[in-house]
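Asker: Have a look at the structure that comes next, please.
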Amino acid sequence: MQLEIEDLTKKFQDTAAVSHVSYTMEKGVYGLLGVNGAGKTTLMRMLCTLLKPSNGRILLDGEDIFEMGAAYRKVLGYLPQDFGFYPDLTVKDYLMYIASIKGVHRAAARKRVKELLGQVGLSKAADKKMKKLSGGMKRRVGIAQAMLNHPAILILDEPTSGLDPNERIRFRNLISEFSQDRLVLLSTHIVSDIESIANEILLMKDGEFLHTGTPEEILEGMPERVWRLTVPVHEASKYDKNYKVANRKNVPGGIMLRILSKERPHPEAEEEIPTLEDVFLSYFGEKAGEEDAIL
Amino acid sequence: MLYYELKKIWVKPGTKIVLLILAATLVFACYFAIHGVYYVNENGENEYGIEAIHKLKAAKKEWAGLLTEEVIADVIAENNRLNDTEMGRSEAVHDSNIVFGWKQGFYDIRWMLVRSFCKFRESDYYVPDSLAPEDARFFYGNRLLRLQEWLEEDAQQNLFTGAEQDFLIQRYQAWEAQAPLYYDYADGWNQLFEWAAMVIMLTMLTLNFVVAGIFSGEFGYKADSVFYASCHGRGKAIAAKLEAGLLFVTLVYFAMMLLYSGIVLAVFGTDGAGLPIQMSNVGWKSFYLITNWQEYLLILFCGYIGTLFILSLTMLVSARTKSSVIAVTIPFILLFLPSFIGGSSLEMIDKILGILPDRLLDVNQTLSRFSFYQIGGEVMGSLHVLPVLYGSLALLLIPMIYQVYRRLSAG
Ligand SMILES: Nc1ncnc2c1ncn2[C@@H]1O[C@H](COP(=O)(O)OP(=O)(O)O)[C@@H](O)[C@H]1O
Ligand SMILES: [Mg+2]
């Protein structure tokens, strides 16, 4: 299976939300990483046939997905960033309805719904109305609905937003298990979400893929090096101004800074092993989203 | 798919309110229909309720049978005899109430006398009191005579074309040719007809609030992305929405109508089913040659076609605009449009009014209206045109809704 993006562009009025992106995905977990407004959602909506590209094509095994239509959507699972549902349906009925419009047969759907509810830890909430669920629970139902039809292509837009740390861990396990023999594309602005499970990371900025590769390649390709340096409190702001500072921590005798810089910022600075968080800061010039940040 | 689509409709809190309104409509309509009939007892007091209805029925049943000249002469004679009693001459309200009670067995026939012996557009309740038994022979012939007198008045000169007048006269003659006609107690049908339009309109308007949300709801809930990204999202899933809407409308409509008519007819009885609709105060002038039973079917199915057309339009607007607020206004516009442009005496406007779908919802009124349409040289009444016209339009709208919704982009 091969999902091929060819020179894909989406313009809204004059601005291009996605600009001349070409990339080929096969089996595995792809982490689409970028700040808000990078174009992640726009790209994903095109991959789900919800938005027509202004230019370029998306091909599944050589066939245009817009021409494939239902045949393509049959193997697709999608969790929108702005996940909406029918508030008065119960969780079970909601999932059964989505299964039906996904073409899953009744009996198979019943089994699958039960199974997924267990996997996302919502078995007890099966008969609750959707509107009665907490934000995290809704998100988990959203993840479950995307997986109802055992999609070969699973596209999740910010799947972890609103999930608490435990839910995130459960989600990561679910995805790594599910992604055997499948293509999973998930977007996030939270590095830790994809650090451990993504086979490939796609760094997206201003509608373009800035850098792509395995986490190792991404780390190796980082243009800056990472340094650790402890400075007196009053000097800290000087470094803030002149360098990208990934982290600061109060220690006895001053503040310990984690600095990104091509050159050693100070003779006493010690070189550190870079993490994806550092990469994010390096490329996007701002710190990666906090664990509990929403959006 | 259809099951869950229906469930989506069913679980909405708004649907519960709609069903409550429908239940209230049913209760009120049945109450109005049943309470609209009273029996005047020997003390001149009004009695209401099922027992009173049975007493009145017994009184009217005495006059059931072929309404020949002799019977009409009997009615006139009996009416005059009762007027000539001491109480009949009395001016006291109490006394005239008692006399009314004596006459209620031939109340319906007396009303037909009013229609027959008054000028076409006039209605003088006391005209039968001035008749003599010999006048009975004019009873059936008067119907056409009054029409012709009216058509010859100046005001009506431009109202109808020659062909339309011929059509009307020919229809009146055809009715008269059946004389003498059968008379029977038919309060069940008459009461049923009187409130049917209210039931139909309120059913349609409340259902409107349900169907207005079926298509736009996906967007309102932001559920459209998942919907359109699903395998059947641009096909069967839309058909299921459409089916759910149509099924819900159909089931609720017929449930309402069958309950309403079932209750009313159970109370009054189905007597008079085969009576020509002209054998009543309301239907006397109608040029449609049908019986009460046929009028019932016409009300039932025209109401359904009208409801289906209007609500399909609501669904189309809901699908097109993605807004249930805009969609919900459609039937109100269609129903109140006539009252806005009405009152005009322009012939063209009259023709347009006669062809608006609200006429389908009030067949009992439409049956007595003189709206004509000429198609291929053939003159027809609006009830010949409307069901076919709006039935076909509804059949056109339904696939349109599907196509419109299929082509929408999500988000
Ligand atoms: N429907 C739209 N109309 C106009 N501009 C849009 C629309 N959707 C997205 N954009 C713009 O496109 C850019 C990319 O947005 P988006 O794809 O949502 O980014 P991300 O998901 O990475 O946050 C943003 O500047 C956004 O304002
Ligand atoms: Mg986004």
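Letters A, B, ... mark the chains of the structure tokens in the order given; residue numbers begin at 1 per chain; ligand numbers begin at 1, in order shown.
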Residues at most 12 Å from A:Glu263, counting only C-alpha atoms, excluding those fewer than 3 positions away in the same chain, as a list of chain:residue names?
Answerer: A:Pro223, A:Glu224, A:Arg225, A:Val226, A:Trp227, A:Tyr243, A:Ile259, A:Leu260, A:His266, A:Pro267, A:Ala269, A:Glu270, A:Glu271
Asker: Next, the residues of the selection above should be written as a CSV table (one decimal), in the first residue's frame with all heavy atoms.
Answerer:
chain,number,residue,atom,x,y,z
A,223,PRO,N,20.0,21.4,12.9
A,223,PRO,CA,21.0,22.3,12.5
A,223,PRO,C,21.8,22.9,13.7
A,223,PRO,O,22.9,23.3,13.6
A,223,PRO,CB,20.3,23.5,11.8
A,223,PRO,CG,18.9,23.4,12.3
A,223,PRO,CD,18.6,22.0,12.6
A,224,GLU,N,21.2,22.8,14.9
A,224,GLU,CA,21.9,23.3,16.1
A,224,GLU,C,22.3,22.2,17.0
A,224,GLU,O,21.8,21.0,16.9
A,224,GLU,CB,21.0,24.3,16.8
A,224,GLU,CG,20.9,25.6,16.0
A,224,GLU,CD,19.5,26.3,16.3
A,224,GLU,OE1,18.5,25.6,16.3
A,224,GLU,OE2,19.5,27.5,16.5
A,225,ARG,N,23.2,22.5,17.9
A,225,ARG,CA,23.6,21.5,18.9
A,225,ARG,C,23.0,22.0,20.3
A,225,ARG,O,22.5,23.1,20.4
A,225,ARG,CB,25.1,21.4,19.0
A,225,ARG,CG,25.7,20.7,17.8
A,225,ARG,CD,27.1,21.2,17.5
A,225,ARG,NE,28.1,20.6,18.4
A,225,ARG,CZ,29.4,21.0,18.4
A,225,ARG,NH1,29.8,21.9,17.6
A,225,ARG,NH2,30.2,20.4,19.2
A,226,VAL,N,23.0,21.1,21.2
A,226,VAL,CA,22.3,21.3,22.5
A,226,VAL,C,23.4,21.4,23.6
A,226,VAL,O,24.3,20.6,23.7
A,226,VAL,CB,21.3,20.2,22.8
A,226,VAL,CG1,20.6,20.5,24.1
A,226,VAL,CG2,20.3,20.0,21.7
A,227,TRP,N,23.3,22.5,24.4
A,227,TRP,CA,24.3,22.7,25.5
A,227,TRP,C,23.6,22.9,26.8
A,227,TRP,O,22.5,23.4,26.9
A,227,TRP,CB,25.1,24.0,25.1
A,227,TRP,CG,25.6,24.0,23.7
A,227,TRP,CD1,25.0,24.5,22.6
A,227,TRP,CD2,26.9,23.5,23.3
A,227,TRP,NE1,25.8,24.3,21.5
A,227,TRP,CE2,26.9,23.7,21.9
A,227,TRP,CE3,27.9,22.8,24.0
A,227,TRP,CZ2,28.0,23.3,21.1
A,227,TRP,CZ3,29.0,22.4,23.2
A,227,TRP,CH2,29.1,22.7,21.8
A,243,TYR,N,19.9,33.4,22.6
A,243,TYR,CA,19.8,31.9,22.2
A,243,TYR,C,18.4,31.4,22.3
A,243,TYR,O,17.6,32.0,23.0
A,243,TYR,CB,20.8,31.1,23.0
A,243,TYR,CG,22.2,31.4,22.9
A,243,TYR,CD1,22.8,32.3,23.8
A,243,TYR,CD2,23.0,30.9,21.8
A,243,TYR,CE1,24.1,32.6,23.7
A,243,TYR,CE2,24.3,31.3,21.7
A,243,TYR,CZ,24.9,32.1,22.6
A,243,TYR,OH,26.2,32.4,22.5
A,259,ILE,N,20.5,25.1,26.1
A,259,ILE,CA,20.6,26.1,25.0
A,259,ILE,C,20.8,25.4,23.7
A,259,ILE,O,21.6,24.5,23.6
A,259,ILE,CB,21.8,27.1,25.3
A,259,ILE,CG1,21.5,27.9,26.6
A,259,ILE,CG2,22.1,28.0,24.2
A,259,ILE,CD1,22.6,28.6,27.1
A,260,LEU,N,20.1,26.0,22.7
A,260,LEU,CA,20.4,25.5,21.3
A,260,LEU,C,21.3,26.5,20.6
A,260,LEU,O,20.9,27.7,20.5
A,260,LEU,CB,19.0,25.3,20.5
A,260,LEU,CG,17.9,24.5,21.1
A,260,LEU,CD1,16.8,24.3,20.0
A,260,LEU,CD2,18.4,23.2,21.6
A,266,HIS,N,29.3,29.1,25.7
A,266,HIS,CA,30.2,29.6,26.9
A,266,HIS,C,31.2,28.5,27.1
A,266,HIS,O,30.9,27.3,26.9
A,266,HIS,CB,29.3,29.7,28.1
A,266,HIS,CG,30.0,30.3,29.3
A,266,HIS,ND1,30.8,29.6,30.1
A,266,HIS,CD2,30.0,31.6,29.7
A,266,HIS,CE1,31.3,30.4,31.1
A,266,HIS,NE2,30.8,31.7,30.8
A,267,PRO,N,32.4,28.8,27.4
A,267,PRO,CA,33.4,27.8,27.5
A,267,PRO,C,33.1,26.7,28.5
A,267,PRO,O,33.5,25.5,28.4
A,267,PRO,CB,34.6,28.6,28.1
A,267,PRO,CG,34.4,30.0,27.7
A,267,PRO,CD,32.9,30.2,27.6
A,269,ALA,N,30.0,25.5,28.9
A,269,ALA,CA,28.8,24.8,28.5
A,269,ALA,C,29.2,23.4,28.1
A,269,ALA,O,30.2,23.1,27.5
A,269,ALA,CB,28.2,25.5,27.3
A,270,GLU,N,28.3,22.4,28.5
A,270,GLU,CA,28.6,21.0,28.2
A,270,GLU,C,27.6,20.6,27.1
A,270,GLU,O,26.4,20.9,27.2
A,270,GLU,CB,28.4,20.1,29.4
A,270,GLU,CG,29.6,20.3,30.4
A,270,GLU,CD,29.3,19.5,31.7
A,270,GLU,OE1,29.0,18.3,31.6
A,270,GLU,OE2,29.4,20.2,32.7
A,271,GLU,N,28.0,19.8,26.2
A,271,GLU,CA,27.1,19.3,25.1
A,271,GLU,C,26.2,18.2,25.6
A,271,GLU,O,26.6,17.4,26.4
A,271,GLU,CB,27.9,18.9,23.9
A,271,GLU,CG,27.0,18.5,22.8
A,271,GLU,CD,27.6,18.7,21.4
A,271,GLU,OE1,28.8,18.9,21.3
A,271,GLU,OE2,26.8,18.7,20.4
Asker: Produce as a PyMOL selection string the set of residues near ligand 2, where near means within 12 Å with only C-alpha atoms and all ligand atoms considered.
Answerer: chain A and resi 17+32-45+79-83+156-159+161+186-189+204+207+294-295
Asker: Taking only C-alpha atoms into account, what are the residues of chain A at most 9 Å from chain B, put as a PyMOL selection string?
Answerer: chain A and resi 45+48-52+69-80+82-89+93-94+96-103+145-146
Asker: Which of these residues is nearest to ligand 1, using only C-alpha atoms and all ligand atoms: A:Ile65, A:Pro215, A:Pro53, A:Asp206?
Answerer: A:Asp206
Asker: Taking 4 positions as the minimum chain separation for residues in the same chain, which residues sit within 12 Å of A:Leu257 when counting only C-alpha atoms? Answer as a compact mmCIF listing (two decimals) with C-alpha atoms, in the first residue's frame.
Answerer:
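See result.txt below for the written result:
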# COMPACT_ATOMS: atom_id res chain seq x y z
CA VAL A 226 22.34 21.32 22.51
CA TRP A 227 24.27 22.71 25.47
CA ARG A 228 23.83 22.68 29.20
CA LEU A 229 25.04 25.67 31.14
CA THR A 230 24.48 26.92 34.68
CA VAL A 231 24.58 30.69 35.00
CA PRO A 232 23.95 33.15 37.85
CA VAL A 233 20.35 34.35 38.02
CA GLU A 235 22.78 36.56 33.60
CA ALA A 236 19.97 34.24 32.54
CA SER A 237 18.03 36.86 30.62
CA LYS A 238 21.05 37.64 28.47
CA TYR A 239 21.01 34.03 27.19
CA ASP A 240 17.25 34.18 26.69
CA TYR A 243 19.82 31.95 22.16
CA LYS A 244 16.92 29.54 21.87
CA VAL A 245 16.52 28.25 25.38
CA ALA A 246 14.80 24.87 25.55
CA ASN A 247 14.59 24.63 29.28
CA ARG A 248 15.52 26.49 32.47
CA LYS A 249 15.71 25.04 35.89
CA ASN A 250 16.63 26.56 39.27
CA VAL A 251 19.67 24.89 40.80
CA PRO A 265 27.68 29.47 24.00
CA HIS A 266 30.17 29.56 26.85
CA ALA A 269 28.83 24.78 28.50
CA GLU A 270 28.58 21.02 28.18
CA GLU A 271 27.13 19.35 25.12
CA GLU A 272 23.91 17.33 25.58
Asker: Write out as a PyMOL selection string each polymer residue whose atoms come within 9 Å of B:Ile21, counting only C-alpha atoms; drop sequence neighbours fewer than 3 positions from it.
Answerer: chain B and resi 16-18+24-26+202-203+206
Asker: Assign secondary structure with DSSP using the backbone only, and return the residues of stretch 33-280 of chain A in strand (DSSP E) as a VMD selection string.
Answerer: chain A and resid 33 55 to 60 63 to 64 76 to 79 153 to 157 183 to 188 200 to 205 208 to 213 225 to 231 244 to 251 254 to 261 270 to 272
Asker: Take atom 7 (C, counted along the ligand's line) of ligand 1 and atom CA of B:Ser323 and report the distance between them in Å, one decimal.
Answerer: 20.0 Å
Asker: Taking the DSSP secondary structure from the backbone, can you list the residues of stretch 319-358 of chain B that are alpha helix (DSSP H), as a VMD selection string?
Answerer: chain B and resid 319 to 321 324 to 328 330 to 341 347 to 354 358
Asker: What is the atom CA of A:Ala152 to atom CA of A:Glu115 distance in Å?
Answerer: 17.9 Å
Asker: Quick one: residues within 12 Å of A:Lys124, only C-alpha atoms counted, chain neighbours fewer than 2 positions away excluded, as a PyMOL selection string?
Answerer: chain A and resi 90-92+114+117-122+126-129+133+137
Asker: Write a file of the selected residues as a CSV table (one decimal), in the first residue's frame, keeping N, CA and C atoms.
Answerer:
chain,number,residue,atom,x,y,z
A,90,THR,N,-26.5,7.5,22.6
A,90,THR,CA,-25.6,6.8,23.6
A,90,THR,C,-24.3,6.5,22.8
A,91,VAL,N,-23.3,6.3,23.6
A,91,VAL,CA,-22.0,6.0,23.0
A,91,VAL,C,-22.1,4.8,22.1
A,92,LYS,N,-22.8,3.8,22.5
A,92,LYS,CA,-23.0,2.6,21.7
A,92,LYS,C,-23.7,2.8,20.4
A,114,LYS,N,-17.9,-3.3,20.9
A,114,LYS,CA,-17.6,-3.9,22.2
A,114,LYS,C,-16.1,-3.9,22.4
A,117,LEU,N,-14.6,-0.3,22.6
A,117,LEU,CA,-15.0,0.3,23.9
A,117,LEU,C,-14.1,-0.2,25.0
A,118,GLY,N,-13.8,-1.5,25.0
A,118,GLY,CA,-12.8,-2.0,25.9
A,118,GLY,C,-11.5,-1.4,25.8
A,119,GLN,N,-11.0,-1.3,24.5
A,119,GLN,CA,-9.7,-0.8,24.3
A,119,GLN,C,-9.5,0.7,24.7
A,120,VAL,N,-10.6,1.4,24.5
A,120,VAL,CA,-10.4,2.8,24.9
A,120,VAL,C,-10.9,3.1,26.3
A,121,GLY,N,-11.3,2.0,27.0
A,121,GLY,CA,-11.7,2.1,28.4
A,121,GLY,C,-13.0,2.7,28.6
A,122,LEU,N,-14.0,2.5,27.7
A,122,LEU,CA,-15.3,3.1,27.9
A,122,LEU,C,-16.4,2.1,28.0
A,126,ALA,N,-20.9,2.8,27.9
A,126,ALA,CA,-21.5,2.4,26.6
A,126,ALA,C,-22.9,2.9,26.5
A,127,ASP,N,-23.7,3.0,27.6
A,127,ASP,CA,-25.1,3.4,27.5
A,127,ASP,C,-25.3,4.8,27.9
A,128,LYS,N,-24.2,5.5,28.1
A,128,LYS,CA,-24.3,6.9,28.5
A,128,LYS,C,-24.5,7.8,27.2
A,129,LYS,N,-25.2,8.9,27.4
A,129,LYS,CA,-25.4,9.8,26.3
A,129,LYS,C,-24.1,10.5,26.0
A,133,LEU,N,-20.5,12.8,28.5
A,133,LEU,CA,-19.1,12.4,28.6
A,133,LEU,C,-18.2,13.6,28.9
A,137,MET,N,-13.2,11.6,27.4
A,137,MET,CA,-14.0,10.4,27.0
A,137,MET,C,-14.5,10.6,25.6
Asker: So which one's closest to B:Ile72, B:Glu153, B:Asp135, B:Glu51, B:Glu91? Using only C-alpha atoms, please.
Answerer: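 Of B:Glu153, B:Asp135, B:Glu51, B:Glu91, the one nearest B:Ile72, counting only C-alpha atoms, is B:Asp135.
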Asker: So which one's closest to A:Asn166, A:Phe178, A:Ser54, A:Phe284, A:Gly136? Using only C-alpha atoms, please.
Answerer: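 Of A:Phe178, A:Ser54, A:Phe284, A:Gly136, the one nearest A:Asn166 is A:Gly136, counting only C-alpha atoms.
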